[in-house]
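K.L.:
To be precise about what I am sending: the file is called model-v7.cif and holds mmCIF, C-alpha atoms.
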data_data
#
loop_
_atom_site.label_atom_id
_atom_site.label_comp_id
_atom_site.auth_asym_id
_atom_site.auth_seq_id
_atom_site.Cartn_x
_atom_site.Cartn_y
_atom_site.Cartn_z
CA MET V 216 -98.03 34.69 -31.99
CA ALA V 217 -101.30 33.54 -30.43
CA GLU V 218 -102.66 30.11 -31.37
CA PRO V 219 -105.71 30.40 -33.63
CA SER V 220 -108.68 29.39 -31.49
CA ALA V 221 -110.42 26.16 -32.47
CA PRO V 222 -113.63 26.58 -34.48
CA PRO V 223 -116.78 26.14 -32.36
CA PRO V 224 -118.47 22.72 -32.29
CA VAL V 225 -121.14 22.12 -34.90
CA TYR V 226 -124.62 21.41 -33.55
CA VAL V 227 -126.93 19.86 -36.13
CA TYR V 228 -130.42 21.30 -35.77
CA SER V 229 -133.50 22.53 -37.53
CA PRO V 230 -137.08 22.86 -36.20
CA GLU V 231 -138.23 20.38 -38.86
CA TYR V 232 -135.61 17.84 -37.80
CA VAL V 233 -136.58 18.02 -34.12
CA ALA V 234 -140.29 17.76 -35.00
CA ARG V 235 -139.54 14.68 -37.10
CA CYS V 236 -137.63 13.03 -34.20
CA ASP V 237 -140.30 13.93 -31.63
CA VAL V 238 -142.78 11.45 -33.10
CA LEU V 239 -140.63 8.39 -32.35
CA CYS V 240 -143.04 6.40 -30.17
CA LYS V 241 -140.37 5.12 -27.73
CA VAL V 242 -139.09 8.62 -26.90
CA PRO V 243 -141.95 11.05 -27.67
CA GLN V 244 -140.89 14.72 -27.64
CA ARG V 245 -137.43 13.79 -26.35
CA ALA V 246 -135.67 15.67 -29.16
CA SER V 247 -137.56 18.86 -28.26
CA MET V 248 -136.82 18.44 -24.55
CA VAL V 249 -133.09 18.03 -25.20
CA HIS V 250 -132.90 20.97 -27.60
CA SER V 251 -135.01 23.24 -25.37
CA LEU V 252 -132.82 22.61 -22.32
CA ILE V 253 -129.59 23.20 -24.29
CA LYS V 254 -131.13 26.44 -25.57
CA ALA V 255 -132.41 27.47 -22.11
CA TYR V 256 -128.84 27.24 -20.76
CA SER V 257 -127.71 29.56 -23.65
CA LEU V 258 -125.34 26.91 -25.00
CA LEU V 259 -126.41 27.49 -28.62
CA ASN V 260 -124.56 30.83 -28.51
CA HIS V 261 -121.24 28.95 -28.32
CA MET V 262 -121.86 26.51 -31.20
CA ARG V 263 -122.32 26.74 -34.95
CA VAL V 264 -125.83 25.55 -35.72
CA VAL V 265 -125.95 23.64 -39.01
CA ARG V 266 -129.18 22.63 -40.72
CA PRO V 267 -129.17 18.88 -41.48
CA LYS V 268 -129.92 17.50 -44.91
CA VAL V 269 -132.12 14.46 -45.45
CA ALA V 270 -130.26 11.30 -46.47
CA SER V 271 -130.88 10.13 -50.03
CA MET V 272 -131.78 6.53 -50.81
CA GLU V 273 -128.28 6.13 -52.26
CA GLU V 274 -126.63 7.41 -49.06
CA MET V 275 -128.69 5.08 -46.87
CA ALA V 276 -127.83 2.20 -49.22
CA SER V 277 -124.13 2.70 -48.47
CA PHE V 278 -124.93 0.35 -45.56
CA HIS V 279 -128.55 -0.83 -45.77
CA THR V 280 -129.90 -3.19 -48.44
CA ASP V 281 -132.16 -1.84 -51.19
CA ALA V 282 -134.83 -4.43 -50.31
CA TYR V 283 -134.98 -3.25 -46.69
CA LEU V 284 -135.07 0.45 -47.57
CA GLN V 285 -137.77 -0.10 -50.23
CA HIS V 286 -139.91 -2.08 -47.78
CA LEU V 287 -139.48 0.57 -45.08
CA GLN V 288 -140.51 3.26 -47.55
CA LYS V 289 -143.56 1.27 -48.64
CA VAL V 290 -144.95 0.56 -45.14
CA SER V 291 -144.11 4.10 -44.04
CA GLU V 292 -146.25 5.62 -46.80
CA GLU V 293 -149.18 3.39 -45.91
CA GLY V 294 -148.66 3.33 -42.13
CA ASP V 295 -149.04 -0.43 -42.53
CA ASP V 296 -148.02 -2.18 -39.31
CA ASP V 297 -149.42 -5.56 -40.43
CA HIS V 298 -147.59 -6.12 -43.71
CA PRO V 299 -146.81 -9.87 -43.93
CA GLU V 300 -143.18 -9.28 -44.99
CA SER V 301 -142.47 -6.79 -42.19
CA VAL V 302 -141.47 -9.49 -39.73
CA ASP V 303 -138.59 -10.48 -42.06
CA TYR V 304 -137.26 -6.93 -41.76
CA GLY V 305 -137.50 -6.69 -37.97
CA LEU V 306 -140.53 -4.39 -38.11
CA GLY V 307 -143.26 -4.91 -35.55
CA TYR V 308 -142.98 -5.17 -31.76
CA ASP V 309 -139.85 -3.12 -30.99
CA CYS V 310 -139.93 -1.21 -34.26
CA PRO V 311 -143.53 -0.51 -35.29
CA ALA V 312 -144.03 0.49 -38.93
CA THR V 313 -145.81 3.77 -38.24
CA GLU V 314 -146.68 6.27 -40.94
CA GLY V 315 -143.72 8.53 -41.81
CA ILE V 316 -141.12 6.25 -40.23
CA PHE V 317 -139.04 6.22 -43.44
CA ASP V 318 -138.86 10.04 -43.44
CA TYR V 319 -137.76 9.94 -39.79
CA ALA V 320 -135.02 7.41 -40.62
CA ALA V 321 -133.82 9.50 -43.57
CA ALA V 322 -133.80 12.63 -41.39
CA VAL V 323 -131.67 11.02 -38.65
CA GLY V 324 -129.33 9.41 -41.19
CA GLY V 325 -128.97 12.71 -43.01
CA ALA V 326 -128.26 14.63 -39.80
CA THR V 327 -125.43 12.28 -38.83
CA ILE V 328 -124.00 12.40 -42.36
CA THR V 329 -124.20 16.23 -42.23
CA ALA V 330 -122.31 16.26 -38.90
CA ALA V 331 -119.67 13.85 -40.24
CA GLN V 332 -119.23 15.94 -43.40
CA CYS V 333 -118.50 19.05 -41.28
CA LEU V 334 -115.61 17.08 -39.71
CA VAL V 335 -114.41 15.85 -43.11
CA ASP V 336 -114.40 19.44 -44.39
CA GLY V 337 -112.41 20.60 -41.36
CA LYS V 338 -115.15 23.05 -40.36
CA CYS V 339 -114.98 21.91 -36.74
CA LYS V 340 -113.27 19.44 -34.40
CA VAL V 341 -116.51 18.28 -32.75
CA ALA V 342 -119.93 17.78 -34.39
CA ILE V 343 -123.05 16.89 -32.38
CA ASN V 344 -126.26 15.06 -33.33
CA TRP V 345 -128.02 14.18 -30.07
CA ALA V 346 -131.03 12.76 -31.94
CA GLY V 347 -128.75 10.21 -33.68
CA GLY V 348 -126.92 7.14 -32.39
CA TRP V 349 -129.43 4.44 -33.41
CA HIS V 350 -126.85 1.69 -33.40
CA HIS V 351 -128.94 -1.51 -33.37
CA ALA V 352 -130.26 -1.42 -36.95
CA LYS V 353 -128.75 -4.13 -39.14
CA LYS V 354 -128.19 -3.75 -42.85
CA ASP V 355 -131.44 -5.54 -43.70
CA GLU V 356 -133.55 -5.22 -40.57
CA ALA V 357 -134.72 -2.85 -37.87
CA SER V 358 -133.81 -3.77 -34.29
CA GLY V 359 -134.11 -2.36 -30.77
CA PHE V 360 -136.11 0.80 -31.65
CA CYS V 361 -133.59 1.53 -34.48
CA TYR V 362 -134.71 1.70 -38.11
CA LEU V 363 -131.54 3.07 -39.68
CA ASN V 364 -127.98 2.72 -38.39
CA ASP V 365 -126.91 6.35 -38.59
CA ALA V 366 -123.77 5.55 -36.56
CA VAL V 367 -122.54 3.36 -39.43
CA LEU V 368 -123.51 6.00 -42.02
CA GLY V 369 -121.50 8.58 -40.06
CA ILE V 370 -118.48 6.26 -39.89
CA LEU V 371 -118.68 5.57 -43.65
CA GLN V 372 -118.79 9.32 -44.33
CA LEU V 373 -115.71 9.88 -42.15
CA ARG V 374 -113.94 6.98 -43.88
CA ARG V 375 -113.90 9.02 -47.10
CA LYS V 376 -111.13 11.05 -45.50
CA PHE V 377 -109.91 9.15 -42.43
CA ASP V 378 -108.59 5.60 -42.70
CA ARG V 379 -108.86 4.72 -39.03
CA VAL V 380 -112.17 5.68 -37.44
CA LEU V 381 -112.67 4.55 -33.85
CA TYR V 382 -116.26 3.89 -32.77
CA VAL V 383 -116.77 4.20 -29.00
CA ASP V 384 -120.17 3.16 -27.68
CA LEU V 385 -121.07 4.04 -24.07
CA ASP V 386 -124.79 3.22 -24.33
CA VAL V 387 -126.07 0.52 -21.95
CA HIS V 388 -126.36 -1.76 -25.02
CA HIS V 389 -123.31 -1.30 -27.22
CA GLY V 390 -124.35 -1.77 -30.84
CA ASP V 391 -125.94 -5.11 -31.61
CA GLY V 392 -123.10 -7.28 -30.31
CA THR V 393 -123.79 -10.02 -27.79
CA GLY V 394 -121.27 -8.27 -25.67
CA ASP V 395 -119.01 -11.02 -24.41
CA VAL V 396 -115.33 -10.18 -23.91
CA THR V 397 -114.53 -12.99 -26.39
CA ASP V 398 -116.51 -11.24 -29.17
CA VAL V 399 -113.56 -9.69 -30.98
CA GLY V 400 -114.84 -9.47 -34.56
CA LEU V 401 -114.64 -11.81 -37.55
CA GLY V 402 -112.50 -12.29 -40.64
CA LYS V 403 -110.50 -9.20 -41.57
CA GLY V 404 -112.10 -7.45 -38.61
CA ARG V 405 -110.88 -9.98 -36.06
CA TYR V 406 -109.54 -8.21 -32.93
CA TYR V 407 -110.87 -4.86 -34.12
CA SER V 408 -113.91 -5.18 -31.84
CA VAL V 409 -113.56 -4.76 -28.09
CA ASN V 410 -116.45 -5.72 -25.84
CA VAL V 411 -116.36 -4.81 -22.16
CA PRO V 412 -119.30 -6.54 -20.45
CA ILE V 413 -120.24 -4.69 -17.25
CA GLN V 414 -122.79 -5.99 -14.74
CA ASP V 415 -125.70 -4.05 -13.26
CA GLY V 416 -125.31 -1.24 -10.76
CA VAL V 417 -121.95 0.17 -11.86
CA GLN V 418 -121.31 3.72 -10.61
CA ASP V 419 -119.29 6.65 -11.95
CA GLU V 420 -115.89 6.00 -10.39
CA ARG V 421 -115.54 2.35 -11.43
CA TYR V 422 -117.07 3.00 -14.84
CA TYR V 423 -114.61 5.79 -15.56
CA GLN V 424 -111.65 3.65 -14.47
CA ILE V 425 -112.75 0.86 -16.84
CA CYS V 426 -113.35 3.35 -19.63
CA GLU V 427 -110.01 5.12 -19.26
CA THR V 428 -108.06 1.84 -19.03
CA VAL V 429 -109.67 0.38 -22.16
CA LEU V 430 -109.56 3.59 -24.21
CA LYS V 431 -105.89 4.14 -23.40
CA GLU V 432 -105.07 0.62 -24.69
CA VAL V 433 -107.31 0.98 -27.76
CA TYR V 434 -105.81 4.36 -28.67
CA VAL V 435 -102.26 2.96 -28.60
CA ALA V 436 -103.19 -0.22 -30.51
CA PHE V 437 -105.40 1.36 -33.18
CA ASN V 438 -104.02 4.92 -33.49
CA PRO V 439 -107.33 6.45 -34.68
CA GLU V 440 -107.59 9.51 -36.93
CA ALA V 441 -111.23 10.27 -36.06
CA VAL V 442 -113.75 9.16 -33.43
CA VAL V 443 -117.49 8.49 -33.37
CA LEU V 444 -118.71 8.60 -29.78
CA GLN V 445 -122.19 7.25 -28.96
CA LEU V 446 -123.41 8.54 -25.57
CA GLY V 447 -126.74 6.80 -24.98
CA ALA V 448 -128.21 8.05 -21.68
CA ASP V 449 -129.85 4.74 -20.69
CA THR V 450 -126.81 4.17 -18.42
CA ILE V 451 -127.98 6.98 -16.12
CA ALA V 452 -129.53 6.25 -12.69
CA GLY V 453 -133.33 6.23 -12.92
CA ASP V 454 -133.55 5.03 -16.52
CA PRO V 455 -136.32 2.44 -17.10
CA MET V 456 -133.64 0.08 -18.48
CA CYS V 457 -132.59 -0.13 -14.84
CA SER V 458 -129.09 -1.52 -15.46
CA PHE V 459 -126.32 0.96 -14.67
CA ASN V 460 -126.24 3.59 -11.93
CA LEU V 461 -124.23 6.41 -13.53
CA THR V 462 -124.63 10.18 -13.45
CA PRO V 463 -123.85 12.64 -16.26
CA VAL V 464 -120.68 13.60 -14.36
CA GLY V 465 -119.26 10.06 -14.78
CA VAL V 466 -120.13 9.96 -18.47
CA GLY V 467 -118.70 13.47 -18.80
CA ARG V 468 -115.33 12.25 -17.52
CA CYS V 469 -115.28 9.56 -20.22
CA LEU V 470 -116.20 12.21 -22.82
CA LYS V 471 -113.39 14.50 -21.62
CA TYR V 472 -110.95 11.61 -21.93
CA VAL V 473 -111.87 11.10 -25.60
CA LEU V 474 -111.82 14.86 -26.31
CA HIS V 475 -108.28 15.22 -24.94
CA TRP V 476 -107.06 13.23 -27.97
CA GLN V 477 -108.08 16.31 -30.01
CA LEU V 478 -109.22 14.21 -32.96
CA PRO V 479 -112.20 15.03 -35.20
CA THR V 480 -115.07 13.69 -33.06
CA LEU V 481 -118.68 12.94 -34.02
CA ILE V 482 -120.98 12.93 -30.96
CA LEU V 483 -124.24 10.95 -31.10
CA GLY V 484 -127.06 10.28 -28.65
CA GLY V 485 -128.81 6.91 -28.54
CA GLY V 486 -130.84 5.27 -25.76
CA GLY V 487 -132.30 7.25 -22.88
CA TYR V 488 -135.85 6.49 -21.82
CA HIS V 489 -136.22 8.73 -18.75
CA LEU V 490 -136.76 11.78 -20.91
CA ALA V 491 -135.96 14.55 -18.40
CA ASN V 492 -132.78 12.77 -17.25
CA THR V 493 -131.71 12.25 -20.85
CA ALA V 494 -132.11 15.97 -21.50
CA ARG V 495 -130.18 16.72 -18.28
CA CYS V 496 -127.41 14.34 -19.33
CA TRP V 497 -126.94 15.58 -22.91
CA THR V 498 -127.17 19.23 -21.87
CA TYR V 499 -124.48 18.63 -19.25
CA LEU V 500 -122.33 16.82 -21.84
CA THR V 501 -122.79 19.70 -24.32
CA ALA V 502 -121.43 22.00 -21.59
CA VAL V 503 -118.47 19.62 -21.08
CA ILE V 504 -117.68 19.86 -24.81
CA LEU V 505 -117.82 23.66 -24.57
CA GLY V 506 -115.85 23.84 -21.32
CA LYS V 507 -118.78 25.59 -19.61
CA THR V 508 -120.15 25.19 -16.08
CA LEU V 509 -123.95 25.20 -15.76
CA SER V 510 -126.01 26.45 -12.84
CA SER V 511 -127.75 23.76 -10.83
CA GLU V 512 -131.23 25.31 -11.19
CA ILE V 513 -133.05 24.29 -14.36
CA PRO V 514 -133.82 27.55 -16.24
CA ASP V 515 -137.43 28.38 -16.97
CA HIS V 516 -138.42 27.06 -20.40
CA GLU V 517 -141.15 25.20 -22.27
CA PHE V 518 -140.59 21.84 -20.51
CA PHE V 519 -139.73 23.21 -17.05
CA THR V 520 -142.46 21.21 -15.26
CA GLU V 521 -140.90 17.91 -16.43
CA TYR V 522 -137.95 18.48 -14.07
CA GLY V 523 -139.89 18.35 -10.82
CA PRO V 524 -139.92 17.87 -7.93
CA ASP V 525 -136.40 19.28 -7.47
CA TYR V 526 -135.86 21.25 -10.73
CA VAL V 527 -132.09 20.77 -10.66
CA LEU V 528 -129.63 19.57 -13.29
CA GLU V 529 -127.88 17.00 -11.07
CA ILE V 530 -128.90 13.35 -10.94
CA THR V 531 -128.35 11.31 -7.78
CA PRO V 532 -127.40 7.61 -8.05
CA SER V 533 -129.85 5.11 -6.57
CA CYS V 534 -128.82 2.79 -3.73
CA ARG V 535 -128.75 -0.31 -5.94
CA PRO V 536 -125.77 -2.62 -5.38
CA ASP V 537 -122.88 -2.72 -7.84
CA ARG V 538 -122.73 -6.30 -9.18
CA ASN V 539 -119.18 -5.89 -10.53
CA SER V 540 -116.43 -7.39 -8.39
CA PRO V 541 -112.94 -5.86 -8.67
CA GLN V 542 -111.65 -9.32 -9.71
CA SER V 543 -114.15 -9.74 -12.57
CA ILE V 544 -113.26 -6.28 -13.90
CA GLN V 545 -109.55 -7.12 -13.65
CA ASP V 546 -110.09 -10.35 -15.59
CA ILE V 547 -111.98 -8.52 -18.37
CA LEU V 548 -109.32 -5.80 -18.65
CA SER V 549 -106.52 -8.39 -18.84
CA CYS V 550 -108.39 -10.23 -21.58
CA VAL V 551 -108.97 -6.98 -23.54
CA LYS V 552 -105.30 -6.09 -23.25
CA GLY V 553 -104.28 -9.52 -24.55
CA ASN V 554 -106.64 -9.28 -27.53
CA LEU V 555 -105.39 -5.82 -28.50
CA LYS V 556 -101.87 -7.17 -28.98
CA HIS V 557 -103.16 -8.63 -32.26
CA VAL V 558 -104.23 -5.27 -33.72
CA VAL V 559 -101.96 -4.06 -36.53
#
What is this structure when it is put down as structure tokens?
P.N.:
Amino acid sequence: MAEPSAPPPVYVYSPEYVARCDVLCKVPQRASMVHSLIKAYSLLNHMRVVRPKVASMEEMASFHTDAYLQHLQKVSEEGDDDHPESVDYGLGYDCPATEGIFDYAAAVGGATITAAQCLVDGKCKVAINWAGGWHHAKKDEASGFCYLNDAVLGILQLRRKFDRVLYVDLDVHHGDGTGDVTDVGLGKGRYYSVNVPIQDGVQDERYYQICETVLKEVYVAFNPEAVVLQLGADTIAGDPMCSFNLTPVGVGRCLKYVLHWQLPTLILGGGGYHLANTARCWTYLTAVILGKTLSSEIPDHEFFTEYGPDYVLEITPSCRPDRNSPQSIQDILSCVKGNLKHVV
């Protein structure tokens, strides 16, 4: 008897949701560029498109404090970027309090919760919210362009069904940790955090080797039942963050490694400030999830001119040096392995 084929991945989308995300001042129109390229490559035909709901105040308060959410709502209604209390809530320089910012936060939070709920309900094995992944927001303050930590909200939604949810963050800045290998978590969470600090200039091959080595160890130690995978594209060559020197192919190998576990997996975006490259990256990764190969030539679509001068999907690494020595990587991996022995 033939195996029943797996249900198609869920792709969280509505025109209103993309329009809401397009106004984020740090990545204007990025959501539309990503969606348009995915659509231009006909990838929507292979996914189940699910309309996201907007997160309620109660849902957002499963992580964030009432005081923070109420303040965000207040300044959002007034478009008040000079409120004297805003500085206490991290609003200002990195996170301006623009009009409608609360509705944007609720939309992103709701989209990630919607994607997580599809996994909880067993409607799919993979659920995608490329406009999510805003992992810097703390419970009572905005940080690093992030107003609401939708990654945490997604994890909390998954935790209603799955005890052990593994959060894997491949963005150039992983969450809001300081990132040292000795940062292993606190209290009951001690040794349940793994930080792998990588220096500038890392390329695909070395990055994948690090990723595979760490994930293999983590999987054995933690035995996850579900995964949240944040795939910020600010690691890609050419990003203004100018740290790593990866291509979507390298990130795609890491994604494939996680997918081979065949666990319920929530896929989120995150950073990515070279907008065309971010769209290239997430479109390529969507194809990886679907097991599809894409043609090199960018198809004609609304944002076609943004992909000049070459109009191809591939991204070439720059000639920047890799600052990671094999010895330093070895030392980090040994340390990680030692720490994971304490996980029960």
K.L.:
May I ask which of the residues V:Asp537, V:Glu356, V:Glu440, V:Asp515 is the closest one to V:Gly416, counting all atoms listed in the file?
P.N.:
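For V:Gly416, the nearest of the given residues is V:Asp537.
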K.L.:
Got a sec to resolve the PyMOL selection byres ((chain V and resi 514) around 10) on this structure and send the residues as number ranges by chain?
P.N.:
V: 252, 254-257, 510-513, 515-519, 526-528
K.L.:
How close does each residue of stretch 445-554 of chain V get to stretch 235-243 of chain V, giving the shortest atom pair and distance in Å to one decimal for every residue with an atom at most 10 Å away, counting only C-alpha atoms, sorted by chain and residue number, as a Markdown table?
P.N.:
| residue | atom | partner | partner_atom | distance |
| --- | --- | --- | --- | --- |
| V:Gly486 | CA | V:Val242 | CA | 9.0 |
| V:Gly487 | CA | V:Val242 | CA | 8.0 |
| V:Tyr488 | CA | V:Val242 | CA | 6.4 |
| V:His489 | CA | V:Val242 | CA | 8.6 |
| V:Leu490 | CA | V:Val242 | CA | 7.2 |
K.L.:
Could you write out that same residue set with C-alpha atoms as a compact mmCIF listing (two decimals), keeping the file's coordinate frame?
P.N.:
# COMPACT_ATOMS: atom_id res chain seq x y z
CA GLY V 486 -130.84 5.27 -25.76
CA GLY V 487 -132.30 7.25 -22.88
CA TYR V 488 -135.85 6.49 -21.82
CA HIS V 489 -136.22 8.73 -18.75
CA LEU V 490 -136.76 11.78 -20.91
K.L.:
Please compute the atom CA of V:Leu401-atom CA of V:Lys353 distance, one decimal, in Å.
P.N.:
16.1 Å
K.L.:
Could you list, with a cut-off of 9 Å and counting all atoms listed in the file, the residues of stretch 438-476 of chain V near stretch 374-382 of chain V, each shown with its nearest atom pair and the distance in Å rounded to one decimal, rows sorted by chain and ascending number, as JSON lines?
P.N.:
{"residue": "V:Asn438", "atom": "CA", "partner": "V:Arg379", "partner_atom": "CA", "distance": 7.4}
{"residue": "V:Pro439", "atom": "CA", "partner": "V:Arg379", "partner_atom": "CA", "distance": 4.9}
{"residue": "V:Glu440", "atom": "CA", "partner": "V:Arg379", "partner_atom": "CA", "distance": 5.4}
{"residue": "V:Ala441", "atom": "CA", "partner": "V:Val380", "partner_atom": "CA", "distance": 4.9}
{"residue": "V:Val442", "atom": "CA", "partner": "V:Leu381", "partner_atom": "CA", "distance": 4.8}
{"residue": "V:Val443", "atom": "CA", "partner": "V:Tyr382", "partner_atom": "CA", "distance": 4.8}
{"residue": "V:Leu444", "atom": "CA", "partner": "V:Tyr382", "partner_atom": "CA", "distance": 6.1}
{"residue": "V:Gln445", "atom": "CA", "partner": "V:Tyr382", "partner_atom": "CA", "distance": 7.8}
